Every structure is written in structure tokens, then in C-alpha cells.
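Raw contents of run06.cif, mmCIF, C-alpha atoms:
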```
data_input
loop_
_atom_site.label_atom_id
_atom_site.label_comp_id
_atom_site.auth_asym_id
_atom_site.auth_seq_id
_atom_site.Cartn_x
_atom_site.Cartn_y
_atom_site.Cartn_z
CA MET A 1 0.00 0.00 0.00
CA PRO A 2 1.50 3.38 -0.97
CA GLY A 3 1.95 6.31 1.37
CA SER A 4 1.58 6.87 5.09
CA ARG A 5 -1.45 7.77 7.15
CA ASP A 6 -0.15 11.25 7.93
CA GLY A 7 1.08 12.18 4.47
CA PRO A 8 3.82 14.72 3.79
CA PRO A 9 4.34 17.88 5.89
CA LEU A 10 1.99 20.72 5.00
CA SER A 11 3.19 23.31 2.52
CA PRO A 12 2.72 26.99 3.44
CA LEU A 13 -0.39 27.12 1.25
CA GLU A 14 -1.84 23.98 2.84
CA SER A 15 -1.10 25.40 6.30
CA ALA A 16 -3.10 28.51 5.42
CA LEU A 17 -5.97 26.37 4.12
CA ALA A 18 -5.84 24.17 7.22
CA ARG A 19 -7.33 26.98 9.29
CA ASP A 20 -10.55 26.30 7.42
CA LEU A 21 -10.25 22.50 7.49
CA PRO A 22 -13.04 21.92 10.06
CA ARG A 23 -15.53 23.60 7.73
CA ILE A 24 -14.17 21.88 4.60
CA SER A 25 -14.34 18.52 6.37
CA ARG A 26 -17.91 19.21 7.47
CA TRP A 27 -18.93 19.96 3.88
CA ARG A 28 -17.31 16.74 2.75
CA LYS A 29 -19.12 14.67 5.39
CA ASP A 30 -22.50 16.22 4.55
CA LEU A 31 -21.95 15.45 0.88
CA HIS A 32 -20.74 11.94 1.63
CA ARG A 33 -23.87 11.14 3.66
CA MET A 34 -26.15 12.07 0.77
CA PRO A 35 -24.81 10.52 -2.46
CA GLU A 36 -26.86 10.84 -5.64
CA LEU A 37 -26.58 9.21 -9.05
CA SER A 38 -25.81 10.95 -12.34
CA ASN A 39 -28.30 13.66 -13.30
CA GLN A 40 -30.15 13.13 -10.01
CA GLU A 41 -27.94 15.41 -7.88
CA ARG A 42 -30.78 17.71 -6.74
CA ASN A 43 -29.98 17.69 -3.02
CA THR A 44 -26.28 18.08 -3.82
CA GLN A 45 -27.11 21.06 -6.02
CA ARG A 46 -29.16 22.69 -3.25
CA MET A 47 -26.39 22.20 -0.70
CA LEU A 48 -23.77 23.68 -3.01
CA MET A 49 -25.93 26.69 -3.81
CA ARG A 50 -26.54 27.32 -0.10
CA TRP A 51 -22.86 27.05 0.82
CA LEU A 52 -21.76 29.30 -2.04
CA ARG A 53 -24.37 31.87 -1.01
CA ASP A 54 -23.09 31.69 2.58
CA LEU A 55 -19.58 32.40 1.26
CA GLY A 56 -20.85 35.43 -0.64
CA ILE A 57 -20.05 33.86 -4.01
CA PRO A 58 -22.58 34.53 -6.82
CA ALA A 59 -23.80 31.23 -8.23
CA HIS A 60 -26.48 29.91 -10.52
CA THR A 61 -27.86 26.64 -11.78
CA LEU A 62 -28.27 25.68 -15.42
CA PRO A 63 -31.62 25.02 -17.15
CA GLY A 64 -32.42 21.33 -17.11
CA SER A 65 -29.20 20.50 -15.28
CA THR A 66 -28.15 19.66 -11.74
CA GLY A 67 -24.88 21.55 -12.25
CA VAL A 68 -23.81 24.69 -10.40
CA VAL A 69 -21.62 27.58 -11.61
CA GLY A 70 -20.05 30.11 -9.23
CA THR A 71 -17.95 33.16 -10.09
CA LEU A 72 -15.20 35.13 -8.38
CA ALA A 73 -14.56 38.52 -9.95
CA GLY A 74 -10.79 39.05 -9.71
CA ARG A 75 -9.02 42.39 -9.91
CA ALA A 76 -9.26 42.82 -13.68
CA PRO A 77 -11.73 41.84 -16.39
CA GLY A 78 -10.73 39.38 -19.03
CA GLY A 79 -10.43 35.64 -19.46
CA ALA A 80 -11.22 33.40 -16.50
CA VAL A 81 -9.64 30.27 -15.06
CA ALA A 82 -12.27 27.56 -14.56
CA LEU A 83 -11.97 25.02 -11.75
CA ARG A 84 -14.09 21.88 -11.96
CA ALA A 85 -15.40 19.32 -9.45
CA ASP A 86 -17.70 16.41 -10.31
CA MET A 87 -20.82 15.73 -8.24
CA ASP A 88 -22.29 12.27 -8.78
CA ALA A 89 -21.99 9.03 -6.81
CA LEU A 90 -22.12 5.32 -7.65
CA PRO A 91 -24.50 2.39 -7.00
CA VAL A 92 -22.22 0.92 -4.32
CA ARG A 93 -23.28 -0.07 -0.79
CA GLU A 94 -20.72 1.48 1.55
CA GLU A 95 -18.55 -0.69 3.84
CA THR A 96 -16.20 1.90 5.35
CA GLY A 97 -17.75 1.97 8.82
CA ALA A 98 -17.29 5.76 8.94
CA THR A 99 -19.61 7.73 11.22
CA PHE A 100 -20.64 9.80 8.19
CA ARG A 101 -21.12 6.84 5.84
CA SER A 102 -24.06 6.70 3.48
CA ARG A 103 -26.82 4.38 4.69
CA GLY A 104 -28.44 3.29 1.45
CA HIS A 105 -27.30 1.58 -1.73
CA LEU A 106 -25.32 4.56 -3.08
CA MET A 107 -21.84 5.81 -2.19
CA HIS A 108 -19.28 8.45 -3.11
CA ALA A 109 -16.88 5.63 -3.94
CA CYS A 110 -14.83 7.67 -6.43
CA GLY A 111 -14.05 10.66 -4.20
CA HIS A 112 -16.41 13.19 -5.74
CA ASP A 113 -17.42 14.31 -2.24
CA VAL A 114 -13.77 15.25 -1.66
CA HIS A 115 -13.59 16.97 -5.06
CA MET A 116 -16.59 19.18 -4.27
CA ALA A 117 -15.55 20.01 -0.71
CA ALA A 118 -11.99 20.80 -1.80
CA LEU A 119 -13.25 23.17 -4.50
CA LEU A 120 -15.51 24.86 -1.94
CA GLY A 121 -12.53 25.20 0.40
CA ALA A 122 -10.43 26.73 -2.35
CA ALA A 123 -13.30 29.08 -3.26
CA ALA A 124 -13.64 30.25 0.36
CA PHE A 125 -9.90 30.91 0.49
CA LEU A 126 -9.88 32.78 -2.83
CA LYS A 127 -12.97 34.79 -1.89
CA ARG A 128 -11.16 36.36 1.07
CA ASP A 129 -8.64 37.87 -1.37
CA GLU A 130 -11.01 38.31 -4.31
CA SER A 131 -9.98 41.87 -5.15
CA HIS A 132 -6.38 40.70 -5.64
CA LEU A 133 -7.07 37.61 -7.74
CA PRO A 134 -5.11 37.77 -11.03
CA CYS A 135 -8.24 36.98 -13.08
CA PRO A 136 -11.89 35.97 -12.73
CA VAL A 137 -12.48 32.41 -11.55
CA LYS A 138 -15.36 30.16 -12.54
CA LEU A 139 -16.32 27.30 -10.24
CA LEU A 140 -17.83 24.43 -12.24
CA PHE A 141 -19.66 21.80 -10.20
CA GLN A 142 -20.42 19.21 -12.86
CA PRO A 143 -23.02 16.44 -12.69
CA ALA A 144 -23.06 13.04 -14.38
CA GLU A 145 -19.33 12.35 -14.76
CA GLU A 146 -19.95 8.67 -13.94
CA GLU A 147 -22.68 8.39 -16.60
CA GLY A 148 -20.00 7.55 -19.14
CA HIS A 149 -21.55 8.55 -22.46
CA ARG A 150 -23.34 11.90 -22.76
CA GLY A 151 -21.98 12.86 -19.34
CA GLY A 152 -22.30 16.28 -17.74
CA ALA A 153 -19.47 18.34 -19.26
CA GLY A 154 -21.01 18.41 -22.74
CA PRO A 155 -24.37 19.80 -21.58
CA MET A 156 -22.60 22.43 -19.46
CA ILE A 157 -20.55 23.49 -22.49
CA GLU A 158 -23.73 23.65 -24.58
CA ALA A 159 -25.25 25.88 -21.88
CA GLY A 160 -22.36 28.33 -22.37
CA VAL A 161 -20.29 27.90 -19.20
CA LEU A 162 -17.04 28.35 -21.14
CA THR A 163 -18.14 31.20 -23.40
CA SER A 164 -20.46 33.32 -21.24
CA ALA A 165 -18.85 36.24 -19.42
CA PRO A 166 -16.28 35.95 -18.05
CA ARG A 167 -15.08 33.74 -20.92
CA VAL A 168 -12.89 30.84 -19.81
CA ARG A 169 -9.33 30.87 -21.20
CA ARG A 170 -7.82 28.10 -19.01
CA VAL A 171 -9.43 25.11 -17.31
CA PHE A 172 -8.19 22.96 -14.44
CA GLY A 173 -9.43 19.73 -12.89
CA LEU A 174 -8.20 16.95 -10.66
CA HIS A 175 -9.05 13.47 -9.45
CA LEU A 176 -8.04 11.44 -6.44
CA ARG A 177 -5.88 8.39 -7.07
CA SER A 178 -5.51 5.70 -4.41
CA THR A 179 -2.45 4.13 -6.06
CA LEU A 180 -0.40 7.30 -5.47
CA PRO A 181 1.03 8.19 -2.05
CA LEU A 182 -1.06 10.55 0.03
CA GLY A 183 -0.45 14.21 -0.79
CA THR A 184 1.43 13.66 -4.05
CA TYR A 185 0.53 15.21 -7.41
CA ALA A 186 0.88 13.38 -10.73
CA PHE A 187 1.22 15.22 -14.06
CA LEU A 188 1.20 14.00 -17.64
CA PRO A 189 1.31 16.34 -20.66
CA GLY A 190 -0.50 15.19 -23.78
CA VAL A 191 -2.70 12.08 -23.72
CA ALA A 192 -3.40 11.32 -20.06
CA MET A 193 -6.58 9.21 -20.08
CA ALA A 194 -8.29 6.92 -22.56
CA ALA A 195 -11.43 7.24 -24.63
CA ALA A 196 -14.26 5.06 -23.30
CA ASP A 197 -16.83 3.37 -25.54
CA ARG A 198 -19.76 1.13 -24.68
CA VAL A 199 -20.65 -2.05 -26.52
CA ALA A 200 -23.97 -3.84 -26.02
CA VAL A 201 -24.69 -7.09 -27.87
CA ARG A 202 -27.90 -9.06 -28.26
CA VAL A 203 -27.05 -12.64 -29.26
CA LEU A 204 -30.07 -14.26 -30.92
CA GLY A 205 -30.52 -18.01 -31.19
CA ARG A 206 -33.48 -20.38 -30.97
CA GLY A 207 -34.51 -21.68 -27.58
CA GLY A 208 -35.54 -25.18 -26.64
CA HIS A 209 -35.07 -28.10 -24.28
CA ALA A 210 -31.54 -28.46 -22.88
CA ALA A 211 -31.67 -32.23 -23.45
CA TYR A 212 -32.06 -31.73 -27.21
CA PRO A 213 -29.58 -28.95 -28.12
CA HIS A 214 -29.44 -30.14 -31.75
CA LEU A 215 -32.99 -28.86 -32.19
CA SER A 216 -32.05 -25.38 -31.01
CA VAL A 217 -29.49 -22.68 -31.71
CA ASP A 218 -27.76 -22.11 -28.39
CA PRO A 219 -27.08 -18.38 -27.77
CA ILE A 220 -25.13 -19.16 -24.58
CA VAL A 221 -22.51 -21.10 -26.52
CA MET A 222 -22.41 -18.33 -29.12
CA ALA A 223 -22.01 -15.67 -26.45
CA SER A 224 -19.26 -17.65 -24.73
CA GLU A 225 -17.33 -17.95 -27.99
CA MET A 226 -17.79 -14.24 -28.59
CA VAL A 227 -16.40 -13.23 -25.19
CA LEU A 228 -13.28 -15.32 -25.69
CA SER A 229 -12.81 -14.37 -29.33
CA LEU A 230 -13.06 -10.64 -28.63
CA GLN A 231 -9.96 -10.82 -26.46
CA THR A 232 -7.89 -11.67 -29.53
CA LEU A 233 -8.79 -8.27 -30.98
CA ILE A 234 -6.51 -6.87 -28.28
CA SER A 235 -3.85 -9.60 -28.32
CA ARG A 236 -3.66 -10.31 -32.06
CA SER A 237 -5.24 -7.45 -34.03
CA ARG A 238 -3.55 -4.44 -32.44
CA ASP A 239 -0.03 -3.13 -32.13
CA PRO A 240 1.06 -4.28 -28.64
CA LEU A 241 2.65 -0.85 -28.06
CA ASP A 242 -0.70 0.87 -28.65
CA PRO A 243 -2.69 0.79 -25.35
CA ALA A 244 -6.19 -0.67 -25.55
CA VAL A 245 -8.57 -2.58 -23.28
CA LEU A 246 -11.69 -4.57 -24.15
CA SER A 247 -13.68 -5.92 -21.21
CA ILE A 248 -17.05 -7.68 -21.29
CA CYS A 249 -18.51 -6.83 -17.89
CA ARG A 250 -22.07 -8.12 -18.03
CA ILE A 251 -23.69 -11.34 -19.32
CA ASP A 252 -27.42 -11.89 -19.01
CA GLY A 253 -29.34 -14.87 -20.35
CA GLY A 254 -31.48 -17.85 -19.46
CA THR A 255 -34.20 -18.60 -16.91
CA LYS A 256 -33.74 -22.22 -15.81
CA ASP A 257 -31.19 -25.01 -15.79
CA ASN A 258 -32.93 -27.11 -18.45
CA ILE A 259 -34.08 -24.42 -20.87
CA LEU A 260 -31.95 -23.09 -23.70
CA PRO A 261 -32.88 -19.40 -24.04
CA ASP A 262 -33.67 -17.50 -27.20
CA GLU A 263 -31.12 -14.77 -26.51
CA VAL A 264 -28.20 -13.64 -24.38
CA ARG A 265 -27.10 -10.04 -23.76
CA LEU A 266 -23.51 -8.90 -23.37
CA GLU A 267 -22.28 -5.49 -22.29
CA GLY A 268 -18.78 -4.11 -21.96
CA THR A 269 -16.31 -1.31 -22.51
CA VAL A 270 -13.54 -0.54 -25.00
CA ARG A 271 -10.71 1.82 -24.00
CA THR A 272 -8.25 3.32 -26.50
CA VAL A 273 -5.88 6.27 -26.75
CA ASP A 274 -5.47 6.46 -30.54
CA PRO A 275 -8.43 7.62 -32.70
CA ALA A 276 -7.51 5.28 -35.55
CA THR A 277 -7.38 2.30 -33.17
CA ARG A 278 -10.71 3.37 -31.73
CA ARG A 279 -12.40 3.26 -35.15
CA ARG A 280 -10.61 0.07 -36.20
CA LEU A 281 -11.62 -1.87 -33.06
CA ARG A 282 -15.26 -0.91 -33.56
CA GLN A 283 -15.23 -2.32 -37.09
CA LEU A 284 -13.28 -5.45 -36.13
CA LEU A 285 -15.64 -6.15 -33.23
CA ARG A 286 -18.69 -5.92 -35.44
CA THR A 287 -17.15 -8.18 -38.08
CA ARG A 288 -16.04 -10.76 -35.52
CA LEU A 289 -19.39 -10.99 -33.72
CA ARG A 290 -21.42 -11.24 -36.93
CA GLY A 291 -19.13 -13.99 -38.21
CA ILE A 292 -19.50 -16.08 -35.06
CA ALA A 293 -23.29 -15.68 -35.06
CA ARG A 294 -23.57 -16.57 -38.75
CA ALA A 295 -21.37 -19.66 -38.39
CA SER A 296 -23.52 -20.86 -35.49
CA GLY A 297 -26.84 -20.37 -37.25
CA GLY A 298 -27.86 -17.38 -35.16
CA SER A 299 -27.75 -13.63 -35.48
CA VAL A 300 -26.54 -10.65 -33.49
CA GLU A 301 -27.57 -7.05 -32.85
CA ILE A 302 -24.75 -4.68 -31.88
CA GLU A 303 -24.79 -1.25 -30.29
CA TYR A 304 -21.42 0.49 -30.22
CA ASP A 305 -21.52 3.96 -28.68
CA PHE A 306 -18.56 6.33 -28.62
CA GLY A 307 -18.37 7.77 -25.11
CA TYR A 308 -15.87 10.15 -23.54
CA PRO A 309 -13.01 11.19 -25.83
CA VAL A 310 -9.32 10.87 -25.10
CA LEU A 311 -8.21 13.33 -22.41
CA ARG A 312 -5.34 15.49 -23.67
CA ASN A 313 -3.54 17.86 -21.33
CA ASP A 314 -2.09 20.99 -22.87
CA PRO A 315 1.72 20.57 -22.65
CA GLY A 316 2.42 24.24 -21.92
CA VAL A 317 -0.20 24.53 -19.19
CA THR A 318 0.82 21.19 -17.68
CA GLY A 319 4.50 22.11 -17.63
CA ALA A 320 3.85 25.49 -16.02
CA LEU A 321 1.72 23.90 -13.31
CA GLU A 322 4.21 21.10 -12.65
CA ASP A 323 6.94 23.71 -12.12
CA ALA A 324 4.71 25.74 -9.79
CA PHE A 325 3.69 22.69 -7.77
CA ARG A 326 7.31 21.56 -7.45
CA GLU A 327 8.29 24.95 -6.09
CA GLU A 328 5.38 25.19 -3.64
CA MET A 329 5.07 21.56 -2.54
CA GLY A 330 8.61 20.25 -2.92
CA ARG A 331 10.15 17.93 -5.48
CA SER A 332 9.35 14.77 -3.50
CA ARG A 333 5.60 15.33 -3.87
CA ILE A 334 5.62 15.53 -7.67
CA VAL A 335 5.12 12.47 -9.86
CA HIS A 336 5.77 12.84 -13.59
CA LEU A 337 3.79 10.13 -15.35
CA THR A 338 5.10 8.54 -18.55
CA ARG A 339 2.01 6.73 -19.83
CA PRO A 340 -1.74 7.36 -19.71
CA TRP A 341 -4.32 5.85 -17.38
CA MET A 342 -6.85 3.65 -19.17
CA GLY A 343 -9.69 5.13 -17.15
CA ALA A 344 -11.79 7.80 -18.87
CA GLU A 345 -12.95 11.24 -17.76
CA ASP A 346 -15.68 13.63 -18.90
CA PHE A 347 -13.27 16.52 -18.22
CA ALA A 348 -11.78 15.65 -21.62
CA ARG A 349 -14.62 17.62 -23.21
CA PHE A 350 -13.58 20.81 -21.42
CA LEU A 351 -9.98 20.27 -22.53
CA ALA A 352 -11.13 19.82 -26.13
CA ARG A 353 -12.40 23.43 -26.04
CA VAL A 354 -9.98 25.26 -23.73
CA PRO A 355 -6.28 24.73 -22.90
CA GLY A 356 -5.79 23.25 -19.46
CA THR A 357 -4.74 20.22 -17.50
CA PHE A 358 -6.09 17.43 -15.33
CA LEU A 359 -3.88 16.11 -12.54
CA PHE A 360 -4.09 13.30 -10.02
CA VAL A 361 -3.91 13.73 -6.24
CA GLY A 362 -2.65 10.78 -4.21
CA THR A 363 -4.70 9.37 -1.33
CA GLY A 364 -2.70 6.18 -0.65
CA ASP A 365 -2.19 5.99 3.12
CA GLY A 366 -2.02 2.26 3.80
CA GLY A 367 -5.63 2.36 5.01
CA ALA A 368 -9.00 3.26 3.50
CA GLY A 369 -7.34 5.86 1.27
CA SER A 370 -5.49 3.02 -0.47
CA ALA A 371 -8.65 1.05 -1.29
CA PRO A 372 -9.43 0.94 -5.02
CA LEU A 373 -11.59 3.64 -6.55
CA HIS A 374 -15.20 2.46 -6.97
CA SER A 375 -14.81 0.03 -4.05
CA ALA A 376 -17.11 -0.01 -1.02
CA ARG A 377 -14.09 0.67 1.24
CA PHE A 378 -12.56 3.76 -0.41
CA LEU A 379 -12.43 6.62 2.10
CA PRO A 380 -9.69 9.27 1.68
CA SER A 381 -8.49 11.19 4.71
CA ASP A 382 -8.88 14.90 5.39
CA ARG A 383 -5.23 15.28 4.39
CA ALA A 384 -6.34 14.63 0.81
CA LEU A 385 -8.89 17.44 1.18
CA LEU A 386 -6.10 19.91 1.92
CA ALA A 387 -3.94 18.68 -0.96
CA ALA A 388 -6.82 18.98 -3.43
CA ALA A 389 -7.94 22.42 -2.20
CA ALA A 390 -4.35 23.70 -2.41
CA ALA A 391 -4.12 22.42 -5.99
CA HIS A 392 -7.08 24.56 -7.05
CA VAL A 393 -5.65 27.68 -5.40
CA LEU A 394 -2.23 27.11 -6.93
CA ALA A 395 -3.82 26.58 -10.36
CA VAL A 396 -5.46 30.01 -10.14
CA ARG A 397 -2.23 31.68 -9.06
CA THR A 398 -0.29 30.05 -11.89
CA LEU A 399 -2.74 30.10 -14.79
CA GLY A 400 -4.27 33.46 -13.99
CA ALA A 401 -1.00 35.35 -14.04
#
```
Could you rewrite the structure in this file as C-alpha cells?
Amino acid sequence: MPGSRDGPPLSPLESALARDLPRISRWRKDLHRMPELSNQERNTQRMLMRWLRDLGIPAHTLPGSTGVVGTLAGRAPGGAVALRADMDALPVREETGATFRSRGHLMHACGHDVHMAALLGAAAFLKRDESHLPCPVKLLFQPAEEEGHRGGAGPMIEAGVLTSAPRVRRVFGLHLRSTLPLGTYAFLPGVAMAAADRVAVRVLGRGGHAAYPHLSVDPIVMASEMVLSLQTLISRSRDPLDPAVLSICRIDGGTKDNILPDEVRLEGTVRTVDPATRRRLRQLLRTRLRGIARASGGSVEIEYDFGYPVLRNDPGVTGALEDAFREEMGRSRIVHLTRPWMGAEDFARFLARVPGTFLFVGTGDGGAGSAPLHSARFLPSDRALLAAAAAHVLAVRTLGA
């Protein structure tokens, strides 16, 4: 397990933010107790609006959206730096045992409660010195990051959050990462996260009695062959130096042990970092599945939906921030990544419109902060709250200059 429970010593910026840690931690706990799924974040939206109002920060909601946008004026008009935090939770039943754990079947198992509270903490800190900020700051609380396809960034962009006054000229986001030591920051210029696509397959056969399979067309056997065969698209149809993942994550079919069903459904994800590979795998998958179905006497219906695009960090912005973080936090807390994560992120859509960067904040502490993301046991410490809040403040100081 990476990291220690205490994390690194506080930087001067983190020490200043620590004076407000009780309030930031309280926000985080309130958010953690009340997780909501993608595009259902109504209570979360109301809480954020109330807290921003209490801080004296003008904020508004978006028509037909659960998102929230706040604004800090800065000392001069002009382009703004946008800071983003995602809002939604996951259908996971929590097993952390925390006093502030969620009690139902949902959980902030990806750290979005920390993301929101850290951005609120940074906003409170920046508000106290608003007249001296180098530029306007937009606070983007984004819904539906976990939705995976349409997501929440695209609708916010369509609603004008990047182009309405003050127009956004730089954008910054972050995500917790349990595999990095607590309090560290990981940077990667260029391609940093994969594109994520969804594949759903309906395998159609002809049902019948399990004792007489020769009178039927067995979709379970077809589906099994398809799952195994698809793996060779990665191992034998792709350059091994070109990262890609194909995972079938759901199989649904049949009703009883002696009945061959009429159909089986498969669902999975395809992750790529190269646009040409992305298009090629879609075509190869369709060809492979149709061939297997035809050879078996069945048929297949395929849905292949392009989801979040590849996340590309602007090299200039990323380099400037990495230098600033190294100076403020110390060289030992900086991790320079050399290859992308195969996870995907809706923040990619902001980066496709505005130069910016997306970094990773370590939570690994040998305890609950080292549990995998999306697990029922993931629970970062308050030390991660300070590290994330400081990152937002430092991004404004660096990118707004």
C-alpha cells in the first residue's frame, strides 16, 4: 500500500488552508452522507448553492441540469480560469464503517465528495482575497461524470459555461488516485486518459429443451465464444505498443437449468488512446461478432456507442503547473507520469475546447485511502482534502498570471 497515514508535511499554502479544514471537512461529510446518481444530484445542487451563497459567491444553476456555476470577480476583467469538481456518486453499498457513511445503496466511492468540498474550500480561500485575484475564476460543479456517455461536461458546455462572461481561457481539474502516495501530485502532458466506448450485444438463437440442443441454436454457446474471441482483438489485431482494453462486464441470459434461451445479452467497454485504433476496433468487433453468429446459425444485434473522448492535457499549461507545484510543494511530492491511465474522464470535453490540465492527487495511506476507486471501502483522509484544495488555489495563481 502506498503512502503513510499522515502524508507529507503541509506546505505553506496547505497550512493557510488548514485553518478552514473543520468547515471543509464538514462539507465533505455532509456530501458523503447524501450521495446521488448521475443527473439526479438535486440535493447536492441545493447544498452547493446554499454554501456558495453563505460564502458570498454569486452562483447559478443551469436550465435542465443539476450543475452549479459560481464566479469570483478578480481584480481585472478578461479571461477566466475555470476550476471543476464532479458531483455524482455510484450504485455501491458502503462498507467503510465511517460515522458519516451513506446508509443506502449509493456511495461516493470515487471521491467526488472530496472533489466538491476541496473546491468549496479553495473558493472560500480565494474569496477572502477576491480583489487581488489575477483573473476571474469560474467554479464548475459538474453532474453526471460517472454516466459515461453523454456525461455532464457536454451539456454544461452547450449551456455556455465556457463562453459566457467571463469567458474561460484556461481550465483545471483533478481526481483522487488511491495508487499514489497521500499528498502527491501526478502530471502527464498530452494524452493522459483513454477514450471510453460502450458495446452492447444481443445474441439471438433459438430456444428449446436443454436435453435436445441439436434442435435449437444455443445463444449461450455463441455468447461464450464471442467473449473469448473478442480478447484476440486486443492480443492479435492491435499493435502491442498501442494501449487498448476490451472488457465484457455483463452477461445476461437464461431462466432455468434445463431451458436453452432464445437470446443472451452482453455489455462491456472498450478503451483506447489512438483515434484510428478506436475506429478500427469498432469495425473489427462488429465483423467478428457477426461472423461467429452466422457460423452458429444465429444472429446478433450490436450497439457500439462512442463515449468520452481521449483526455489530452495541454503541454504548456501542464509544464507550467508542474513547475509551480514543485516549487510550492517540494520535489518529493511531484510524480511525472510517462504513460496514460486507461480510465476515462468527462473533463476531456472541457480540454477539447480550452487549454488546461487534469492532474491526479494521491490518497494512498495504507488504510481506507489506499482502497481501489469504486470500491465499497474507499475513504480518503482529510489530508487529501487539503492537498486537493491547495491544488485549485495554486492553479489560479499560476494560470491566472
**Item:** Hits of the PyMOL selection byres ((chain A and resi 143-159) around 10) in this structure, as a PyMOL selection string
**Value:** chain A and resi 36-42+44-45+62-69+84-90+110+112+140-142+160-164+196-198+305-309+344-350+353
**Message:** Suppose a student applies the PyMOL selection byres ((chain A and resi 233) around 12) to this structure; what residues should they get, written as a ChimeraX atom specification?
**Reply:** /A:226-232,234-240,244-247,270,277-278,280-289
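Of the residues under consideration (A:His374, A:Lys256, A:Arg290, A:Arg170), A:Arg170 shows the shortest atom-to-atom contact distance to Thr357 in chain A when counting only C-alpha atoms.
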**Item:** Selection near range 320-327 of chain A, 7 Å with only C-alpha atoms, sequence-local residues under 6 positions removed, as a ChimeraX atom specification
**Value:** /A:187,334,395,398
**Request:** Might you pull out every residue within 8 Å of Ile251 in chain A, with all atoms listed in the file counted and same-chain residues fewer than 5 positions away left off, and present them as a PyMOL selection string?
**Result:** chain A and resi 264-267
Picked residues, the PyMOL selection byres ((chain A and resi 182) around 9), expected as a CSV table (one decimal) with C-alpha atoms, keeping the file's coordinate frame:
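Here's the written file out21.csv:
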```csv
chain,number,residue,atom,x,y,z
A,2,PRO,CA,1.5,3.4,-1.0
A,3,GLY,CA,2.0,6.3,1.4
A,4,SER,CA,1.6,6.9,5.1
A,5,ARG,CA,-1.4,7.8,7.2
A,6,ASP,CA,-0.2,11.2,7.9
A,7,GLY,CA,1.1,12.2,4.5
A,8,PRO,CA,3.8,14.7,3.8
A,177,ARG,CA,-5.9,8.4,-7.1
A,178,SER,CA,-5.5,5.7,-4.4
A,179,THR,CA,-2.4,4.1,-6.1
A,180,LEU,CA,-0.4,7.3,-5.5
A,181,PRO,CA,1.0,8.2,-2.0
A,183,GLY,CA,-0.4,14.2,-0.8
A,184,THR,CA,1.4,13.7,-4.0
A,185,TYR,CA,0.5,15.2,-7.4
A,361,VAL,CA,-3.9,13.7,-6.2
A,362,GLY,CA,-2.6,10.8,-4.2
A,363,THR,CA,-4.7,9.4,-1.3
A,364,GLY,CA,-2.7,6.2,-0.6
A,365,ASP,CA,-2.2,6.0,3.1
A,369,GLY,CA,-7.3,5.9,1.3
A,370,SER,CA,-5.5,3.0,-0.5
A,380,PRO,CA,-9.7,9.3,1.7
A,381,SER,CA,-8.5,11.2,4.7
A,383,ARG,CA,-5.2,15.3,4.4
A,384,ALA,CA,-6.3,14.6,0.8
A,387,ALA,CA,-3.9,18.7,-1.0
```
**Exercise: Pro315 in chain A partners within 12 Å, all atoms listed in the file, chain neighbours under 2 positions left out, as a PyMOL selection string** = chain A and resi 187-192+312-313+317-322+351+355-358
**Request:** Please measure the separation of CA of Leu126 in chain A and CA of Leu10 in chain A, giving the value in Å to one decimal.
**Result:**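 Separation of CA of Leu126 in chain A and CA of Leu10 in chain A: 18.6 Å.
You can rank A:Gly111, A:Ala124, A:Arg103, A:Val171 by their closest distance to Ser375 in chain A using all atoms listed in the file, and at the top of that list sits A:Gly111.
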**Request:** Identify which of the residues A:Gly254, A:Tyr304, A:Gly173, A:Gly297 lies closest to Ala210 in chain A, counting all atoms listed in the file when measuring atom-to-atom distances.
**Result:** A:Gly254
**Request:** Excluding Gly253 in chain A and any residue of its chain fewer than 4 positions from it, enumerate the residues within 10 Å of it, using all atoms listed in the file, and give them as a PyMOL selection string.
**Result:** chain A and resi 202-203+219-220+223+260-266
**Item:** Distance criterion (only C-alpha atoms): nearest to Met193 in chain A out of A:Ala276, A:Leu311, A:Leu399, A:Leu83
**Value:**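 Checking each candidate against Met193 in chain A, we get A:Leu311 as the closest.
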**Request:** Rounded to one decimal place, report the CA of Ala376 in chain A-CA of Ile24 in chain A distance in Å.
**Result:** 22.8 Å
**Request:** Can you work out which one of A:Arg50, A:Ala117, A:Lys138, A:Ser11 has the shortest atom-to-atom distance to Arg23 in chain A, counting all atoms listed in the file?
**Result:**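 Looking only at the distances to Arg23 in chain A, the closest residue turns out to be A:Ala117.
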